[in-house]
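Listing of coords_9.txt, compact mmCIF, C-alpha atoms
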```txt
# COMPACT_ATOMS: atom_id res chain seq x y z
CA MET A 1057 -72.43 -85.94 -22.10
CA ILE A 1058 -74.88 -86.37 -19.22
CA ASN A 1059 -75.40 -82.71 -18.45
CA LYS A 1060 -73.34 -79.59 -18.18
CA GLN A 1061 -71.93 -80.59 -14.80
CA TYR A 1062 -70.87 -84.17 -15.47
CA ILE A 1063 -69.23 -86.12 -18.22
CA ALA A 1064 -69.75 -89.82 -18.80
CA LEU A 1065 -66.76 -92.13 -18.36
CA PRO A 1066 -67.20 -93.79 -21.79
CA ASP A 1067 -66.79 -90.33 -23.35
CA LEU A 1068 -63.63 -89.75 -21.32
CA CYS A 1069 -62.27 -93.14 -22.39
CA THR A 1070 -62.64 -92.01 -26.00
CA HIS A 1071 -61.11 -88.60 -25.42
CA TYR A 1072 -58.10 -89.85 -23.51
CA GLU A 1073 -57.76 -93.19 -25.31
CA LEU A 1074 -57.92 -95.05 -22.02
CA GLU A 1075 -59.55 -98.25 -20.82
CA MET A 1076 -62.44 -98.12 -18.38
CA THR A 1077 -60.33 -100.10 -15.90
CA PHE A 1078 -58.00 -97.09 -15.65
CA PHE A 1079 -60.83 -95.06 -14.12
CA ASP A 1080 -61.93 -97.95 -11.90
CA ASP A 1081 -58.40 -98.22 -10.55
CA LEU A 1082 -58.24 -94.46 -9.95
CA GLN A 1083 -61.40 -94.67 -7.92
CA ASP A 1084 -60.11 -97.67 -5.96
CA TYR A 1085 -57.05 -95.63 -5.03
CA GLY A 1086 -59.27 -92.72 -4.00
CA LEU A 1087 -57.76 -90.50 -6.66
CA ILE A 1088 -61.04 -89.59 -8.40
CA GLU A 1089 -64.69 -89.57 -7.49
CA ILE A 1090 -67.06 -91.35 -9.82
CA VAL A 1091 -70.79 -90.75 -9.51
CA SER A 1092 -73.62 -92.62 -11.16
CA ILE A 1093 -76.10 -90.49 -13.06
CA GLU A 1094 -78.89 -92.12 -15.04
CA LYS A 1095 -77.07 -95.45 -14.64
CA THR A 1096 -73.93 -94.04 -16.25
CA ASN A 1097 -70.70 -93.52 -14.38
CA CYS A 1098 -69.59 -89.90 -14.59
CA ILE A 1099 -67.02 -87.42 -13.36
CA HIS A 1100 -67.81 -83.85 -12.36
CA TYR A 1101 -66.42 -81.21 -14.72
CA ASP A 1102 -64.60 -79.54 -11.85
CA HIS A 1103 -62.55 -82.71 -11.34
CA ILE A 1104 -61.36 -82.93 -14.94
CA SER A 1105 -58.38 -80.72 -14.19
CA ASN A 1106 -57.21 -83.11 -11.48
CA LEU A 1107 -57.92 -86.11 -13.72
CA GLU A 1108 -55.77 -84.67 -16.50
CA ARG A 1109 -52.95 -84.07 -14.05
CA ILE A 1110 -53.17 -87.71 -12.97
CA ILE A 1111 -53.09 -88.86 -16.60
CA ARG A 1112 -50.04 -86.69 -17.31
CA LEU A 1113 -48.18 -87.95 -14.24
CA ASN A 1114 -49.01 -91.52 -15.24
CA GLN A 1115 -48.16 -91.24 -18.92
CA GLU A 1116 -45.34 -88.73 -18.96
CA LEU A 1117 -43.51 -89.75 -15.79
CA ASN A 1118 -44.60 -93.40 -15.64
CA LEU A 1119 -45.81 -92.95 -12.07
CA ASN A 1120 -48.03 -95.67 -10.68
CA PHE A 1121 -51.13 -94.82 -8.67
CA GLU A 1122 -49.39 -95.03 -5.32
CA GLY A 1123 -46.76 -92.63 -6.63
CA ILE A 1124 -49.39 -90.25 -8.00
CA ASP A 1125 -51.25 -90.27 -4.69
CA THR A 1126 -48.03 -89.45 -2.86
CA VAL A 1127 -47.16 -86.67 -5.31
CA ILE A 1128 -50.61 -85.10 -5.03
CA ASN A 1129 -50.46 -85.18 -1.23
CA LEU A 1130 -47.05 -83.53 -1.29
CA LEU A 1131 -48.21 -80.91 -3.81
CA ASN A 1132 -51.15 -80.06 -1.55
CA LYS A 1133 -48.71 -79.72 1.32
CA ILE A 1134 -46.52 -77.41 -0.78
CA ASP A 1135 -49.60 -75.33 -1.63
CA ALA A 1136 -50.46 -74.92 2.04
CA LEU A 1137 -46.86 -74.05 2.93
CA GLN A 1138 -46.68 -71.58 0.05
CA GLU A 1139 -49.77 -69.84 1.35
CA GLU A 1140 -48.35 -69.76 4.85
CA LEU A 1141 -45.08 -68.35 3.51
CA ASN A 1142 -46.93 -65.66 1.59
CA ASN A 1143 -48.93 -64.68 4.68
CA THR A 1144 -45.79 -64.59 6.81
CA ARG A 1145 -43.97 -62.48 4.22
CA ASN A 1146 -46.88 -60.05 4.12
CA ARG A 1147 -46.83 -59.79 7.91
CA LEU A 1148 -43.08 -59.18 7.94
CA ARG A 1149 -43.52 -56.20 5.62
CA ARG A 1150 -44.99 -54.42 8.61
CA PHE A 1151 -41.53 -54.33 10.19
CA GLU A 1152 -39.58 -53.29 7.09
CA MET B 1057 -31.59 -68.32 -33.66
CA ALA B 1058 -28.77 -70.16 -31.92
CA PHE B 1059 -27.63 -73.73 -32.12
CA ILE B 1060 -28.95 -75.85 -29.27
CA ASP B 1061 -26.74 -78.56 -27.80
CA TYR B 1062 -29.27 -81.28 -27.00
CA TYR B 1063 -26.61 -83.54 -25.54
CA LYS B 1064 -25.62 -80.85 -23.07
CA ILE B 1065 -29.25 -80.25 -22.11
CA LEU B 1066 -29.61 -83.89 -21.10
CA GLY B 1067 -26.11 -83.97 -19.59
CA LEU B 1068 -24.92 -86.59 -22.08
CA LYS B 1069 -21.85 -87.28 -24.18
CA LYS B 1070 -22.21 -87.45 -27.96
CA ASP B 1071 -21.76 -91.21 -27.95
CA ALA B 1072 -24.56 -91.77 -25.41
CA THR B 1073 -26.51 -94.98 -25.92
CA LYS B 1074 -30.27 -95.08 -26.38
CA SER B 1075 -30.70 -96.38 -22.87
CA GLU B 1076 -28.55 -93.57 -21.44
CA ILE B 1077 -30.67 -91.01 -23.31
CA LYS B 1078 -33.88 -92.54 -22.00
CA LYS B 1079 -32.53 -92.67 -18.46
CA ALA B 1080 -31.29 -89.06 -18.55
CA TYR B 1081 -34.57 -87.82 -20.02
CA ARG B 1082 -36.72 -89.65 -17.47
CA LYS B 1083 -34.61 -88.36 -14.59
CA MET B 1084 -34.80 -84.75 -15.75
CA ALA B 1085 -38.50 -85.01 -16.63
CA ARG B 1086 -39.22 -86.11 -13.06
CA LYS B 1087 -37.35 -83.08 -11.82
CA TYR B 1088 -38.77 -80.40 -14.12
CA HIS B 1089 -42.26 -81.67 -14.99
CA PRO B 1090 -44.68 -78.69 -14.82
CA ASP B 1091 -47.14 -80.62 -12.66
CA LEU B 1092 -44.41 -81.03 -10.06
CA ASN B 1093 -43.30 -77.41 -10.37
CA PRO B 1094 -46.47 -75.32 -10.40
CA ASN B 1095 -45.96 -71.61 -11.16
CA ASP B 1096 -42.29 -72.16 -11.90
CA LYS B 1097 -41.56 -70.57 -15.26
CA GLN B 1098 -37.93 -71.70 -15.25
CA ALA B 1099 -38.93 -75.33 -14.71
CA GLU B 1100 -41.47 -75.03 -17.53
CA ILE B 1101 -38.81 -73.76 -19.94
CA LYS B 1102 -36.38 -76.44 -18.81
CA PHE B 1103 -39.04 -79.12 -19.32
CA LYS B 1104 -39.65 -77.94 -22.88
CA GLN B 1105 -35.92 -78.03 -23.52
CA ILE B 1106 -35.48 -81.58 -22.25
CA ASN B 1107 -38.57 -82.72 -24.14
CA GLU B 1108 -37.19 -81.24 -27.33
CA ALA B 1109 -33.79 -82.80 -26.71
CA ASN B 1110 -35.49 -86.15 -26.17
CA GLU B 1111 -37.58 -85.78 -29.34
CA VAL B 1112 -34.39 -85.40 -31.30
CA LEU B 1113 -31.99 -87.76 -29.59
CA SER B 1114 -34.34 -90.66 -28.91
CA ASN B 1115 -35.34 -90.91 -32.57
CA ASP B 1116 -32.66 -92.52 -34.76
CA ASP B 1117 -33.45 -90.48 -37.88
CA ASN B 1118 -33.65 -87.20 -36.01
CA ARG B 1119 -30.47 -87.88 -34.10
CA LYS B 1120 -28.59 -88.77 -37.28
CA LYS B 1121 -29.77 -85.60 -38.95
CA TYR B 1122 -28.95 -83.50 -35.89
CA ASP B 1123 -25.48 -85.03 -35.55
CA LYS B 1124 -24.80 -84.42 -39.24
CA TYR B 1125 -26.10 -80.86 -39.66
CA GLY B 1126 -26.85 -79.62 -36.18
CA GLU B 1127 -23.75 -77.65 -35.37
CA HIS B 1128 -23.41 -76.36 -38.92
CA TRP B 1129 -27.02 -75.52 -39.48
CA LYS B 1130 -26.00 -72.11 -40.79
CA ASP B 1131 -24.10 -73.76 -43.59
CA GLY B 1132 -26.29 -73.16 -46.61
CA GLU B 1133 -25.77 -76.45 -48.43
CA ALA B 1134 -26.19 -78.65 -45.43
CA TYR B 1135 -29.13 -76.60 -44.27
CA GLU B 1136 -30.80 -76.82 -47.67
CA SER B 1137 -30.16 -80.52 -47.79
CA ALA B 1138 -31.65 -80.90 -44.34
CA LYS B 1139 -34.63 -78.92 -45.51
CA GLN B 1140 -35.14 -81.16 -48.52
CA ASN B 1141 -35.04 -84.19 -46.26
CA GLN B 1142 -37.54 -82.48 -44.08
CA GLN B 1143 -39.88 -81.90 -47.00
CA ALA B 1144 -39.55 -85.54 -47.97
CA GLN B 1145 -40.67 -86.58 -44.53
CA GLN B 1146 -44.22 -85.43 -44.94
CA GLN B 1147 -45.42 -87.66 -42.17
CA TYR B 1148 -43.77 -85.32 -39.68
CA ARG B 1149 -45.64 -82.35 -41.00
CA ARG B 1150 -48.93 -80.99 -39.97
CA SER B 1151 -51.18 -79.07 -42.33
CA SER B 1152 -51.58 -76.03 -40.10
CA SER B 1153 -48.71 -73.60 -39.98
CA PHE B 1154 -47.11 -72.26 -36.85
CA GLU B 1155 -46.05 -68.69 -36.57
CA GLY B 1156 -42.44 -68.05 -35.73
CA PHE B 1157 -41.61 -67.69 -32.09
CA ASP B 1158 -38.61 -66.97 -29.96
CA GLN B 1159 -36.77 -69.83 -28.44
CA PHE B 1160 -39.16 -71.43 -25.97
CA GLY B 1161 -41.22 -68.28 -25.72
CA ASP B 1162 -44.63 -68.29 -24.06
CA GLY B 1163 -46.75 -71.09 -25.34
CA ALA B 1164 -44.20 -72.29 -27.86
CA GLN B 1165 -43.73 -76.02 -27.85
CA TYR B 1166 -40.46 -76.07 -29.78
CA SER B 1167 -37.56 -73.70 -30.36
CA ASP B 1168 -36.89 -71.96 -33.68
CA PHE B 1169 -33.78 -74.09 -34.06
CA PHE B 1170 -35.82 -77.28 -33.75
CA GLU B 1171 -38.42 -76.09 -36.21
CA SER B 1172 -35.81 -75.06 -38.75
CA MET B 1173 -34.46 -78.60 -38.73
CA PHE B 1174 -37.49 -80.76 -38.19
CA GLY B 1175 -40.42 -78.62 -39.23
CA SER B 1176 -43.07 -76.83 -37.25
CA GLY B 1177 -45.53 -79.65 -37.13
CA PHE B 1178 -43.41 -82.36 -35.64
CA THR B 1179 -45.67 -84.94 -34.09
CA GLY B 1180 -43.69 -85.91 -31.08
CA ARG B 1181 -43.96 -89.23 -29.38
CA GLY B 1182 -44.84 -89.64 -25.76
CA LYS B 1183 -47.23 -86.72 -25.85
CA SER B 1184 -50.00 -86.83 -23.36
CA ASN B 1185 -53.53 -87.56 -24.48
CA ALA B 1186 -54.82 -85.36 -21.70
CA LYS B 1187 -56.24 -82.75 -24.04
CA PHE B 1188 -59.92 -82.46 -23.38
CA ARG B 1189 -60.18 -79.66 -20.90
CA GLY B 1190 -58.82 -76.30 -22.04
CA GLN B 1191 -55.51 -75.02 -20.75
CA ASP B 1192 -55.40 -73.00 -17.54
CA TYR B 1193 -54.01 -69.51 -17.95
CA ASN B 1194 -51.97 -67.71 -15.33
CA ALA B 1195 -51.72 -63.96 -15.17
CA GLN B 1196 -50.27 -61.46 -12.75
CA LEU B 1197 -51.91 -58.16 -11.95
CA GLN B 1198 -50.07 -55.32 -10.26
CA LEU B 1199 -52.18 -52.94 -8.22
CA ASN B 1200 -51.53 -50.25 -5.66
CA LEU B 1201 -52.75 -50.70 -2.09
CA THR B 1202 -55.05 -47.71 -2.56
CA ASP B 1203 -56.59 -49.49 -5.60
CA VAL B 1204 -57.75 -52.45 -3.55
CA PHE B 1205 -59.22 -50.32 -0.77
CA THR B 1206 -62.41 -50.25 -2.86
CA PRO B 1207 -63.74 -52.79 -5.39
CA GLN B 1208 -61.97 -52.38 -8.72
CA GLN B 1209 -63.43 -52.71 -12.18
CA GLN B 1210 -60.75 -53.97 -14.54
CA VAL B 1211 -60.75 -55.11 -18.13
CA LEU B 1212 -58.09 -57.72 -18.80
CA THR B 1213 -57.05 -58.81 -22.25
CA VAL B 1214 -56.30 -62.52 -22.27
CA ASN B 1215 -55.38 -64.07 -25.60
CA GLY B 1216 -57.07 -61.24 -27.46
CA LYS B 1217 -60.30 -61.48 -25.49
CA ASN B 1218 -61.44 -58.78 -23.10
CA ILE B 1219 -62.54 -60.01 -19.71
CA ARG B 1220 -64.44 -57.63 -17.45
CA LEU B 1221 -63.54 -58.24 -13.87
CA THR B 1222 -64.60 -56.83 -10.51
CA ILE B 1223 -61.82 -57.24 -8.01
CA PRO B 1224 -63.25 -57.26 -4.48
CA ALA B 1225 -61.78 -54.80 -2.00
CA GLY B 1226 -59.31 -56.27 0.48
CA VAL B 1227 -57.34 -58.47 -1.90
CA VAL B 1228 -54.07 -59.55 -0.29
CA ASN B 1229 -50.61 -59.37 -1.85
CA GLY B 1230 -49.82 -62.75 -3.43
CA GLN B 1231 -53.46 -63.86 -3.42
CA THR B 1232 -54.65 -65.79 -6.46
CA ILE B 1233 -58.22 -65.79 -7.67
CA LYS B 1234 -59.71 -68.21 -10.15
CA ILE B 1235 -61.98 -67.05 -12.96
CA LYS B 1236 -63.78 -70.18 -14.01
CA GLY B 1237 -63.95 -71.03 -17.69
CA LYS B 1238 -61.84 -68.08 -18.86
CA GLY B 1239 -58.79 -70.13 -19.75
CA GLY B 1240 -58.14 -71.97 -23.00
CA LYS B 1241 -61.03 -73.43 -24.93
CA GLY B 1242 -61.83 -77.09 -24.30
CA LEU B 1243 -61.36 -79.60 -27.09
CA ASN B 1244 -64.07 -81.88 -28.45
CA GLY B 1245 -66.69 -80.34 -26.20
CA GLY B 1246 -64.48 -80.43 -23.11
CA PRO B 1247 -64.72 -77.73 -20.45
CA ASN B 1248 -62.72 -74.53 -20.82
CA GLY B 1249 -59.70 -74.05 -18.64
CA ASP B 1250 -59.65 -71.47 -15.85
CA LEU B 1251 -57.89 -68.16 -15.57
CA TYR B 1252 -55.78 -67.69 -12.45
CA ILE B 1253 -54.87 -64.13 -11.51
CA GLU B 1254 -52.21 -63.51 -8.93
CA PHE B 1255 -52.26 -60.08 -7.34
CA LYS B 1256 -49.11 -58.17 -6.60
CA ILE B 1257 -50.00 -55.29 -4.31
CA ASN B 1258 -47.62 -52.38 -4.16
CA ASN B 1259 -47.94 -50.41 -0.96
CA ASN B 1260 -48.06 -46.80 -2.16
CA THR B 1261 -49.04 -45.45 1.29
CA SER B 1262 -47.26 -44.71 4.53
CA PHE B 1263 -49.40 -47.32 6.29
CA LYS B 1264 -48.19 -50.84 6.99
CA ARG B 1265 -50.71 -53.59 6.35
CA ASP B 1266 -51.03 -56.82 8.28
CA GLY B 1267 -54.12 -58.70 7.11
CA ASN B 1268 -57.00 -56.29 7.50
CA ASN B 1269 -55.24 -54.10 10.03
CA LEU B 1270 -53.27 -51.00 9.20
CA TYR B 1271 -50.39 -49.58 11.22
CA THR B 1272 -48.92 -46.13 11.28
CA THR B 1273 -46.71 -43.92 13.43
CA GLN B 1274 -47.74 -40.43 14.43
CA ASP B 1275 -45.33 -37.80 15.74
CA ILE B 1276 -46.60 -35.76 18.69
CA SER B 1277 -44.87 -32.95 20.52
CA LEU B 1278 -43.59 -33.31 24.06
CA TYR B 1279 -46.22 -30.83 25.21
CA THR B 1280 -49.10 -32.79 23.64
CA ALA B 1281 -47.72 -36.00 25.16
CA VAL B 1282 -47.55 -34.45 28.63
CA LEU B 1283 -50.59 -32.22 28.61
CA GLY B 1284 -52.79 -34.08 26.14
CA GLY B 1285 -54.49 -32.51 23.15
CA ASP B 1286 -56.36 -33.01 19.92
CA LEU B 1287 -54.89 -33.84 16.57
CA THR B 1288 -56.15 -34.81 13.15
CA ILE B 1289 -54.63 -37.76 11.36
CA LYS B 1290 -55.04 -39.07 7.83
CA THR B 1291 -56.57 -42.49 7.23
CA LEU B 1292 -56.81 -44.23 3.84
CA ASP B 1293 -60.22 -42.71 3.17
CA GLY B 1294 -60.17 -39.39 4.96
CA LYS B 1295 -59.23 -37.75 8.22
CA VAL B 1296 -59.92 -38.64 11.85
CA LYS B 1297 -59.79 -36.48 14.98
CA LEU B 1298 -57.87 -37.97 17.87
CA SER B 1299 -57.68 -36.99 21.52
CA VAL B 1300 -54.27 -37.63 22.97
CA LYS B 1301 -54.51 -38.34 26.68
CA PRO B 1302 -52.26 -36.42 29.11
CA PHE B 1303 -49.06 -38.27 30.07
CA THR B 1304 -49.01 -40.33 26.89
CA GLN B 1305 -45.76 -42.28 26.86
CA ASN B 1306 -43.52 -42.67 23.82
CA ASN B 1307 -44.46 -45.71 21.64
CA THR B 1308 -47.98 -45.86 23.05
CA THR B 1309 -50.30 -47.52 20.55
CA VAL B 1310 -53.98 -46.66 20.20
CA LYS B 1311 -56.52 -48.58 18.15
CA LEU B 1312 -59.12 -47.00 15.90
CA LYS B 1313 -61.73 -49.67 15.45
CA GLY B 1314 -62.99 -50.20 11.91
CA LYS B 1315 -60.58 -47.70 10.36
CA GLY B 1316 -58.32 -50.34 8.84
CA PHE B 1317 -58.52 -52.21 5.55
CA PRO B 1318 -61.72 -53.68 4.10
CA LYS B 1319 -62.21 -57.39 4.79
CA TYR B 1320 -62.11 -59.46 1.60
CA LYS B 1321 -65.62 -60.30 0.42
CA GLU B 1322 -67.21 -59.06 3.65
CA ASP B 1323 -69.34 -56.03 2.90
CA ASN B 1324 -68.78 -52.99 5.09
CA LYS B 1325 -66.44 -54.83 7.44
CA PHE B 1326 -63.06 -53.34 8.13
CA GLY B 1327 -59.98 -54.14 10.16
CA ASP B 1328 -58.55 -51.68 12.68
CA LEU B 1329 -56.06 -48.87 12.44
CA PHE B 1330 -53.25 -48.90 14.99
CA ILE B 1331 -51.45 -45.64 15.68
CA THR B 1332 -48.19 -45.59 17.55
CA TYR B 1333 -47.21 -42.22 19.03
CA ASN B 1334 -43.69 -41.04 18.59
CA VAL B 1335 -42.97 -38.28 21.08
CA VAL B 1336 -40.68 -35.71 19.50
CA LEU B 1337 -38.37 -33.93 21.95
CA PRO B 1338 -37.25 -30.37 21.22
CA THR B 1339 -33.82 -30.20 19.58
CA LYS B 1340 -33.14 -26.61 20.65
CA LEU B 1341 -34.57 -24.29 23.25
CA SER B 1342 -34.70 -20.53 23.62
CA THR B 1343 -33.14 -19.07 26.75
CA GLU B 1344 -36.56 -18.61 28.29
CA GLU B 1345 -37.63 -22.16 27.47
CA LYS B 1346 -34.42 -23.54 28.94
CA GLU B 1347 -34.99 -21.60 32.15
CA LEU B 1348 -38.52 -22.97 32.37
CA PHE B 1349 -37.31 -26.55 31.84
CA GLU B 1350 -34.70 -26.07 34.57
CA LYS B 1351 -37.42 -24.74 36.84
CA LEU B 1352 -39.54 -27.80 36.05
CA ALA B 1353 -36.62 -30.10 36.74
CA LYS B 1354 -36.06 -28.47 40.14
CA LEU B 1355 -39.75 -28.84 40.95
CA GLN B 1356 -39.54 -32.54 40.07
CA ASP B 1357 -36.47 -32.92 42.33
CA HIS B 1358 -38.32 -31.29 45.25
CA ASP B 1359 -41.21 -33.75 44.79
CA LYS B 1360 -38.94 -36.78 45.21
```
Output the structure of this file as structure tokens.
Amino acid sequence: MINKQYIALPDLCTHYELEMTFFDDLQDYGLIEIVSIEKTNCIHYDHISNLERIIRLNQELNLNFEGIDTVINLLNKIDALQEELNNTRNRLRRFE
Amino acid sequence: MAFIDYYKILGLKKDATKSEIKKAYRKMARKYHPDLNPNDKQAEIKFKQINEANEVLSNDDNRKKYDKYGEHWKDGEAYESAKQNQQAQQQYRRSSSFEGFDQFGDGAQYSDFFESMFGSGFTGRGKSNAKFRGQDYNAQLQLNLTDVFTPQQQVLTVNGKNIRLTIPAGVVNGQTIKIKGKGGKGLNGGPNGDLYIEFKINNNTSFKRDGNNLYTTQDISLYTAVLGGDLTIKTLDGKVKLSVKPFTQNNTTVKLKGKGFPKYKEDNKFGDLFITYNVVLPTKLSTEEKELFEKLAKLQDHDK
């Protein structure tokens, strides 16, 4: 572990039983952000949640990286729409 | 504890082939996967069901056992026999013991029915390795509108742990806040999950809220509307004196700046309070009043 904010990719490879190329590919597809700290490639702790979602979508649903990227974009869209719906519903309560 | 028809869950006939089972499972998993259905409890339950059905039907031994004893699991002999088989299959068991749980209750991975047949520590295939960061927890907190007018100190109990929380004033109905690191514990030194709290705000006031603004209707008499006058109205944190201008029309709205709802995470900043006047006409008049109104009406006619 590099510090409390970042975790080294080799550690993640061990934890998730994945090859390093998996992470390289994810970065190539723009799905994760890898930073180099003390000459070691790392991922920020705050991005682990997203990384685990990507791993689940890949392993449990057999989605390829293009598919995962599409799914994540659509989920973000749903999030934004959900928020808009909630705001609109709250505004409508004024007229109930 | 009821019998679970795994074939029905996957929409299959009893003579389904391995490839049909795989196909049906994959199709349903894509539909109900929790990552594709965030905050959808029903989808989460359904996903557990189809996973469990797949664990049983995609494994030859499990399927054979299920087909043989499944529907008659209450039958003592068959059940005992199934249990003995289960004990013989030590490789499916885990040393730690699960506590009993209701069928697919919160956090439960398998139903009681499944555990009675295959044991509590079944090591399923196809499980994700994504188990480094702790699990995120989701909670819902119900508060009254008057509660979130000022910052609220709350103590929440999440998985037996007390979490002290200051909820900022101005929280909106349906808003979710994240409490970092207060979810499940990380594994092998991984980060803890987060706690997400969704607020459900019950409006226990006569005011309507739209963002940071509040809206209310105030009845005024015909005489106050025509002649003007002072009145005192209630706000969420006290009373305010208002001067009604002469000739105020029905449905006129006035704005009281800064008398609305606190702005979320903006100290001492408030929205506005909008008051709509509802002019109340008399429903009966004394003889004298009626005469005076008639006199007024005649005066109005003369002016035209």
Between atom CA of B:Ile1219 and atom CA of B:Lys1238 - distance in Å to one decimal
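Atom CA of B:Lys1238 sits 8.1 Å away from atom CA of B:Ile1219.
Across B:Tyr1122, B:Phe1326, B:Phe1349, B:Tyr1271, the tightest approach to A:Arg1149 is made by B:Tyr1271 when counting only C-alpha atoms.
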Got a sec to pull out which chain A residues are within 7 Å of chain B, counting only C-alpha atoms, and send them as JSON, numbers by chain?
{"A": [1071, 1072, 1101, 1104, 1108, 1109, 1111, 1112, 1115, 1116, 1117, 1142, 1146, 1147, 1150]}
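You can rank B:Asn1194, B:Ser1167, B:Asn1306, B:Thr1073 by their closest distance to B:Ile1253 using all atoms listed in the file, and at the top of that list sits B:Asn1194.
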Interatomic distance (Å, one decimal) between atom CA of B:Gly1284 and atom CA of B:Asn1268
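Computed distance, atom CA of B:Gly1284 to atom CA of B:Asn1268, equals 29.3 Å.
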Which residue out of B:Tyr1333, B:Tyr1088, B:Tyr1193, B:Tyr1125 has the minimum interatomic distance to B:Asp1275 when all atoms listed in the file are used?
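For B:Asp1275, the nearest of the candidates is B:Tyr1333.
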